[in-house]
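Here is the file input20.cif (mmCIF, C-alpha atoms and all ligand atoms).
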data_work
loop_
_atom_site.label_atom_id
_atom_site.label_comp_id
_atom_site.auth_asym_id
_atom_site.auth_seq_id
_atom_site.Cartn_x
_atom_site.Cartn_y
_atom_site.Cartn_z
CA MET L 14 156.39 142.13 81.13
CA LEU L 15 158.62 144.61 82.90
CA VAL L 16 158.04 144.89 86.65
CA THR L 17 158.87 147.81 88.92
CA THR L 18 161.77 147.70 91.36
CA LYS L 19 159.38 148.06 94.30
CA GLU L 20 158.61 144.43 95.13
CA MET L 21 162.13 143.39 94.15
CA LEU L 22 163.80 145.74 96.58
CA LEU L 23 161.32 145.20 99.42
CA ASP L 24 161.87 141.45 99.14
CA ALA L 25 165.65 141.98 99.14
CA GLN L 26 165.35 144.22 102.20
CA LYS L 27 163.20 141.68 104.03
CA ASN L 28 165.37 138.69 103.18
CA HIS L 29 168.79 140.37 103.38
CA TYR L 30 170.11 139.97 99.87
CA GLY L 31 170.96 142.46 97.12
CA VAL L 32 169.48 142.94 93.65
CA GLY L 33 172.06 143.75 91.00
CA ALA L 34 171.42 146.78 88.80
CA PHE L 35 173.48 146.45 85.65
CA ASN L 36 174.05 149.30 83.22
CA VAL L 37 173.25 148.35 79.64
CA GLU L 38 174.95 150.00 76.69
CA ASN L 39 173.43 148.13 73.75
CA LEU L 40 171.43 145.04 72.78
CA GLU L 41 174.35 142.71 73.51
CA PHE L 42 174.50 143.89 77.14
CA VAL L 43 170.76 143.30 77.54
CA MET L 44 170.95 139.77 76.15
CA ALA L 45 174.08 138.85 78.11
CA ILE L 46 172.70 140.11 81.44
CA LEU L 47 169.36 138.39 80.86
CA ALA L 48 171.20 135.11 80.18
CA ALA L 49 172.90 135.36 83.58
CA ALA L 50 169.62 136.15 85.37
CA GLU L 51 167.85 133.22 83.73
CA GLU L 52 170.64 130.77 84.46
CA LEU L 53 170.66 131.74 88.14
CA ARG L 54 166.92 132.37 88.52
CA SER L 55 167.63 135.89 89.74
CA PRO L 56 165.59 139.09 89.58
CA VAL L 57 167.47 141.74 87.61
CA ILE L 58 167.47 145.48 87.10
CA MET L 59 168.78 146.86 83.82
CA GLN L 60 169.52 150.55 83.84
CA THR L 61 170.75 153.36 81.62
CA THR L 62 172.39 156.67 82.46
CA PRO L 63 171.40 159.84 80.58
CA GLY L 64 174.77 159.58 78.77
CA THR L 65 173.85 156.16 77.41
CA VAL L 66 170.32 157.32 76.65
CA LYS L 67 171.78 160.12 74.51
CA SER L 68 173.47 157.51 72.33
CA ALA L 69 170.20 155.94 71.22
CA GLY L 70 167.15 157.34 73.02
CA LEU L 71 164.92 156.13 75.84
CA ASP L 72 162.61 154.43 73.37
CA TYR L 73 165.30 152.15 71.96
CA PHE L 74 166.37 151.03 75.44
CA TYR L 75 162.77 150.52 76.48
CA GLY L 76 162.24 148.43 73.34
CA MET L 77 165.24 146.21 74.02
CA VAL L 78 164.70 145.68 77.74
CA SER L 79 160.93 145.18 77.46
CA ALA L 80 161.60 142.54 74.78
CA ALA L 81 163.96 140.84 77.22
CA ALA L 82 161.29 140.93 79.94
CA ALA L 83 158.66 139.54 77.56
CA ARG L 84 160.68 136.46 76.72
CA THR L 85 161.54 135.42 80.28
CA ASP L 86 159.80 134.56 83.53
CA VAL L 87 162.43 136.11 85.83
CA PRO L 88 161.50 139.62 87.04
CA VAL L 89 163.15 142.35 84.92
CA ALA L 90 162.95 146.07 85.74
CA LEU L 91 164.12 149.00 83.62
CA HIS L 92 165.58 151.84 85.65
CA LEU L 93 166.82 155.33 84.76
CA ASP L 94 170.18 155.68 86.48
CA HIS L 95 171.29 159.18 87.62
CA GLY L 96 168.24 160.95 86.20
CA ASP L 97 169.44 164.50 85.55
CA GLY L 98 166.31 166.50 86.24
CA PHE L 99 162.54 166.46 86.37
CA ASP L 100 162.04 166.41 82.60
CA ARG L 101 164.29 163.41 81.95
CA CYS L 102 162.54 161.44 84.71
CA MET L 103 159.12 162.27 83.27
CA GLN L 104 160.27 161.24 79.79
CA ALA L 105 161.52 157.90 81.14
CA MET L 106 158.24 157.24 82.95
CA LYS L 107 156.26 158.14 79.84
CA VAL L 108 158.31 155.82 77.62
CA GLY L 109 157.74 152.92 80.02
CA TYR L 110 160.71 152.78 82.41
CA THR L 111 159.51 151.03 85.56
CA SER L 112 161.85 152.82 87.98
CA VAL L 113 163.77 156.09 87.96
CA MET L 114 166.52 157.80 89.91
CA ILE L 115 166.53 161.54 90.37
CA ASP L 116 170.05 162.59 91.29
CA GLY L 117 170.12 165.83 93.25
CA SER L 118 173.34 164.96 95.07
CA HIS L 119 175.32 167.66 93.26
CA VAL L 120 173.38 170.51 94.85
CA PRO L 121 173.08 171.49 98.53
CA TYR L 122 170.75 169.56 100.86
CA GLU L 123 167.68 171.83 100.66
CA GLU L 124 167.96 172.10 96.88
CA ASN L 125 168.33 168.32 96.64
CA ILE L 126 164.97 168.03 98.43
CA GLU L 127 163.43 170.55 96.03
CA VAL L 128 164.74 168.59 93.04
CA THR L 129 163.75 165.17 94.38
CA ALA L 130 160.30 165.70 95.92
CA PRO L 131 158.37 166.56 92.71
CA VAL L 132 159.70 163.47 90.92
CA ALA L 133 158.83 161.27 93.92
CA ARG L 134 155.34 162.76 93.94
CA VAL L 135 154.70 161.89 90.28
CA GLY L 136 156.25 158.46 90.83
CA LYS L 137 153.88 157.83 93.69
CA ALA L 138 150.88 158.84 91.58
CA LEU L 139 151.95 156.53 88.75
CA GLY L 140 153.21 153.64 90.89
CA ILE L 141 156.81 154.07 89.74
CA PRO L 142 159.55 153.81 92.39
CA VAL L 143 161.92 156.78 92.69
CA GLU L 144 165.50 156.44 93.90
CA ALA L 145 167.26 159.54 95.20
CA GLU L 146 170.83 160.22 96.31
CA LEU L 147 172.12 161.91 99.41
CA GLY L 148 175.81 162.38 100.05
CA LYS L 149 178.36 161.89 97.33
CA VAL L 150 179.53 158.86 95.47
CA GLY L 151 183.03 159.82 94.34
CA GLY L 152 184.67 159.45 90.96
CA LYS L 153 183.57 160.09 87.42
CA GLU L 154 179.87 159.72 86.95
CA ASP L 155 178.38 159.03 83.53
CA ASP L 156 180.07 161.42 81.08
CA GLY L 157 180.42 164.24 83.60
CA PRO L 158 183.66 165.59 85.05
CA ALA L 159 185.59 163.63 87.65
CA VAL L 160 184.76 164.62 91.21
CA GLU L 161 187.90 165.61 93.07
CA GLY L 162 188.60 165.85 96.75
CA GLU L 163 186.91 164.31 99.74
CA ASN L 164 184.18 161.73 99.60
CA PRO L 165 181.72 162.76 102.30
CA TYR L 166 179.63 160.08 103.93
CA THR L 167 175.87 160.43 104.09
CA ASP L 168 174.70 161.64 107.49
CA PRO L 169 172.21 159.11 108.99
CA ASP L 170 169.96 161.74 110.60
CA GLU L 171 169.90 163.78 107.42
CA ALA L 172 169.05 160.62 105.48
CA ALA L 173 166.02 159.96 107.69
CA GLU L 174 164.76 163.52 107.26
CA PHE L 175 165.50 163.48 103.53
CA VAL L 176 163.44 160.33 102.93
CA GLU L 177 160.59 161.76 105.01
CA ARG L 178 160.56 165.13 103.23
CA THR L 179 161.08 163.91 99.65
CA GLY L 180 158.99 160.72 99.60
CA CYS L 181 161.71 158.87 97.67
CA THR L 182 161.26 155.08 97.77
CA SER L 183 164.94 154.09 97.82
CA LEU L 184 168.13 155.96 98.64
CA ALA L 185 171.65 155.91 97.21
CA ILE L 186 174.15 156.74 99.91
CA GLY L 187 177.77 157.89 100.08
CA VAL L 188 179.69 155.28 102.05
CA GLY L 189 183.13 155.33 100.45
CA THR L 190 182.54 154.02 96.94
CA ALA L 191 183.28 155.87 93.70
CA HIS L 192 182.25 155.61 90.06
CA GLY L 193 184.73 154.52 87.42
CA VAL L 194 188.04 152.75 87.97
CA TYR L 195 189.57 152.56 91.47
CA HIS L 196 193.21 153.30 92.14
CA GLY L 197 193.83 151.21 95.23
CA THR L 198 191.29 149.15 97.16
CA PRO L 199 188.09 150.99 98.11
CA HIS L 200 186.76 150.76 101.62
CA ILE L 201 183.04 150.76 102.40
CA ALA L 202 182.20 152.37 105.76
CA LEU L 203 179.97 149.58 107.09
CA ASP L 204 179.15 151.49 110.28
CA VAL L 205 177.71 154.31 108.17
CA VAL L 206 175.63 151.83 106.15
CA SER L 207 174.12 150.26 109.26
CA ALA L 208 173.55 153.64 110.95
CA ILE L 209 171.59 154.85 107.90
CA ALA L 210 169.68 151.55 107.68
CA ALA L 211 168.69 151.89 111.34
CA LYS L 212 167.23 155.37 110.80
CA THR L 213 165.48 154.91 107.46
CA ASP L 214 162.97 152.36 106.23
CA VAL L 215 163.60 152.54 102.46
CA PRO L 216 165.91 150.13 100.61
CA LEU L 217 169.46 151.51 100.37
CA VAL L 218 171.49 151.60 97.16
CA LEU L 219 175.21 151.20 96.57
CA HIS L 220 176.74 152.98 93.57
CA GLY L 221 180.23 152.67 92.13
CA THR L 222 180.52 148.98 92.95
CA SER L 223 182.76 147.89 90.04
CA GLY L 224 186.13 147.09 91.62
CA VAL L 225 184.83 146.77 95.19
CA PRO L 226 185.84 143.36 96.60
CA ASP L 227 182.86 140.94 96.73
CA GLU L 228 183.44 140.38 100.42
CA GLN L 229 182.90 144.07 101.21
CA VAL L 230 179.77 144.15 99.06
CA ALA L 231 178.37 141.13 100.90
CA GLN L 232 179.06 142.85 104.22
CA ALA L 233 177.36 146.03 102.98
CA ILE L 234 174.30 143.94 102.10
CA SER L 235 174.16 142.37 105.55
CA ASN L 236 174.33 145.93 106.91
CA GLY L 237 171.34 147.11 104.87
CA ILE L 238 172.21 147.62 101.18
CA CYS L 239 169.48 146.22 98.86
CA LYS L 240 170.41 147.41 95.34
CA VAL L 241 173.93 147.24 93.97
CA ASN L 242 174.98 149.05 90.79
CA TYR L 243 177.53 147.75 88.31
CA ALA L 244 178.57 149.65 85.18
CA THR L 245 182.31 150.07 84.61
CA GLU L 246 183.27 146.41 84.92
CA LEU L 247 180.63 145.37 82.39
CA ARG L 248 182.07 147.80 79.85
CA GLN L 249 185.52 146.43 80.57
CA ALA L 250 184.33 142.82 80.25
CA TYR L 251 182.57 143.42 76.94
CA THR L 252 185.49 145.30 75.42
CA LYS L 253 187.95 142.68 76.64
CA GLY L 254 186.03 139.82 75.03
CA TYR L 255 185.40 141.78 71.84
CA MET L 256 189.00 142.85 71.39
CA ALA L 257 190.44 139.44 72.24
CA TYR L 258 188.32 137.94 69.50
CA MET L 259 189.45 140.53 66.97
CA ALA L 260 193.10 140.09 67.96
CA GLU L 261 192.79 136.38 67.23
CA ASN L 262 190.70 136.87 64.12
CA PRO L 263 191.94 140.10 62.51
CA GLY L 264 190.27 139.28 59.19
CA ASN L 265 186.81 138.91 60.72
CA PHE L 266 184.16 141.35 59.60
CA ASP L 267 181.08 139.70 61.08
CA PRO L 268 180.22 141.93 64.06
CA LYS L 269 178.20 139.17 65.72
CA LYS L 270 181.29 137.07 66.42
CA PRO L 271 183.34 139.48 68.57
CA ALA L 272 180.06 140.67 70.12
CA ARG L 273 179.34 137.11 71.21
CA ALA L 274 182.77 136.93 72.85
CA GLY L 275 182.03 140.20 74.67
CA MET L 276 178.61 138.94 75.76
CA ASP L 277 180.12 135.77 77.21
CA GLU L 278 182.45 137.90 79.35
CA ILE L 279 179.50 139.96 80.62
CA THR L 280 177.42 136.88 81.45
CA LYS L 281 180.35 135.39 83.36
CA ILE L 282 180.90 138.46 85.56
CA VAL L 283 177.18 139.11 86.14
CA LYS L 284 176.71 135.53 87.38
CA ILE L 285 179.59 135.96 89.84
CA ARG L 286 178.08 139.20 91.12
CA MET L 287 174.54 137.79 91.43
CA GLU L 288 175.81 134.86 93.47
CA ASN L 289 177.68 137.21 95.76
CA LEU L 290 174.61 139.42 96.16
CA GLY L 291 172.54 136.35 97.03
CA SER L 292 169.87 137.11 94.43
CA ASN L 293 170.29 133.71 92.76
CA GLY L 294 167.27 131.49 93.27
CA ARG L 295 165.09 134.47 94.26
CA ALA L 296 163.13 134.61 91.00
ZN ZN L 301 175.96 155.80 90.22
#
The structure given in the file should be rewritten as structure tokens.
Ligand SMILES: [Zn+2]
Amino acid sequence: MLVTTKEMLLDAQKNHYGVGAFNVENLEFVMAILAAAEELRSPVIMQTTPGTVKSAGLDYFYGMVSAAAARTDVPVALHLDHGDGFDRCMQAMKVGYTSVMIDGSHVPYEENIEVTAPVARVGKALGIPVEAELGKVGGKEDDGPAVEGENPYTDPDEAAEFVERTGCTSLAIGVGTAHGVYHGTPHIALDVVSAIAAKTDVPLVLHGTSGVPDEQVAQAISNGICKVNYATELRQAYTKGYMAYMAENPGNFDPKKPARAGMDEITKIVKIRMENLGSNGRA
């Protein structure tokens, strides 16, 4: 059965490790990520953005990920990543998602509170954790336009007030990471992470982690990050494996074969990330 992200993230917060949240695009991603979690005895969060949901529907993703959860004994949660409004979050909860994010980071502070609080209130009533975002994660998010310009850090005092006023149960923060592909090495502002962790009591979330050196991610976790999102590098891994197979076997028309090669690439990278997060052996 699917579990919520609540116990997972509170345990990570208490024991200073991170839970990986991996974006799934199709059945092959779900199977490949589950294989990694089972091999390493790690809790795992599978998540979908609204862009991915548009490709198939919340019900299909719920069906796939709940089937994964039913066949394993490691904790699996299904999370809506970057929920784009009250309605989408309600639809995800109704379908059976066990965690949602409401992303009000694109609007000014007071509006972000107005967008976030009602979702958190419903989540509280239904026992479904609600992640919110304050500050900006740079780069291209989901299928939206690329965000240009500066990458403002989340203000620690604002974060404390934001959590208090919205009732969100976890918080994504802007600390120097960006979505998509990095040009140059990103730099996580560890002092900002620890300042926010000192002023808030909810688990903190790192977005845009594909391409961030493992060492920096590990340091961010020891400074208070509890959930770490990976999307771009899984897409790259799958496509790399798939295309390499087809390049070697141009006459192949069995889709399962290149898909298997793509899945193996995903499992490999997810295992490396889980070990770095320290979630291995926590299930
Ligand atoms: Zn994100």
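Interatomic distance, CA of Ala185 in chain L to CA of Gly224 in chain L: 17.9 Å.
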Throw together the list of residues within 8 Å of ligand ZN 301 (chain L), counting only C-alpha atoms and all ligand atoms, and drop it here as an MDAnalysis selection string. chainID L and resid 94:95 150 154:155 192 219:221 242
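The closest residue to Gly64 in chain L, picked from L:Ile234, L:Asp168, L:Gly96, L:Pro121 and counting only C-alpha atoms, is L:Gly96.
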Name the residues in contact with Ala83 in chain L at a cut-off of 8 Å, using all atoms listed in the file, excluding same-chain residues fewer than 4 positions from it; report them as a short mmCIF file (atom, residue, chain, number, x, y, z; two decimals) with C-alpha atoms, in the coordinates of the input.
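Output (result.cif):
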data_model
loop_
_atom_site.label_atom_id
_atom_site.label_comp_id
_atom_site.auth_asym_id
_atom_site.auth_seq_id
_atom_site.Cartn_x
_atom_site.Cartn_y
_atom_site.Cartn_z
CA MET L 14 156.39 142.13 81.13
CA LEU L 15 158.62 144.61 82.90
CA SER L 79 160.93 145.18 77.46
#
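Between CA of Thr65 in chain L and CA of Met106 in chain L there is a distance of 16.6 Å.
Of note, CA of Val135 in chain L and CA of Gly70 in chain L are spaced 21.8 Å apart.
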Go through L:Tyr243, L:Tyr258, L:Phe74, L:Phe266 one by one, measure the shortest atom-to-atom distance of each to Phe35 in chain L using all atoms listed in the file, and give the residue with the smallest value. L:Tyr243
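The residue set within 7 Å of range 288-290 of chain L, counting only C-alpha atoms and dropping same-chain residues fewer than 4 places from it, reads Tyr30, Gly31, Val32, Asp227, Ala231 and Lys284 of chain L.
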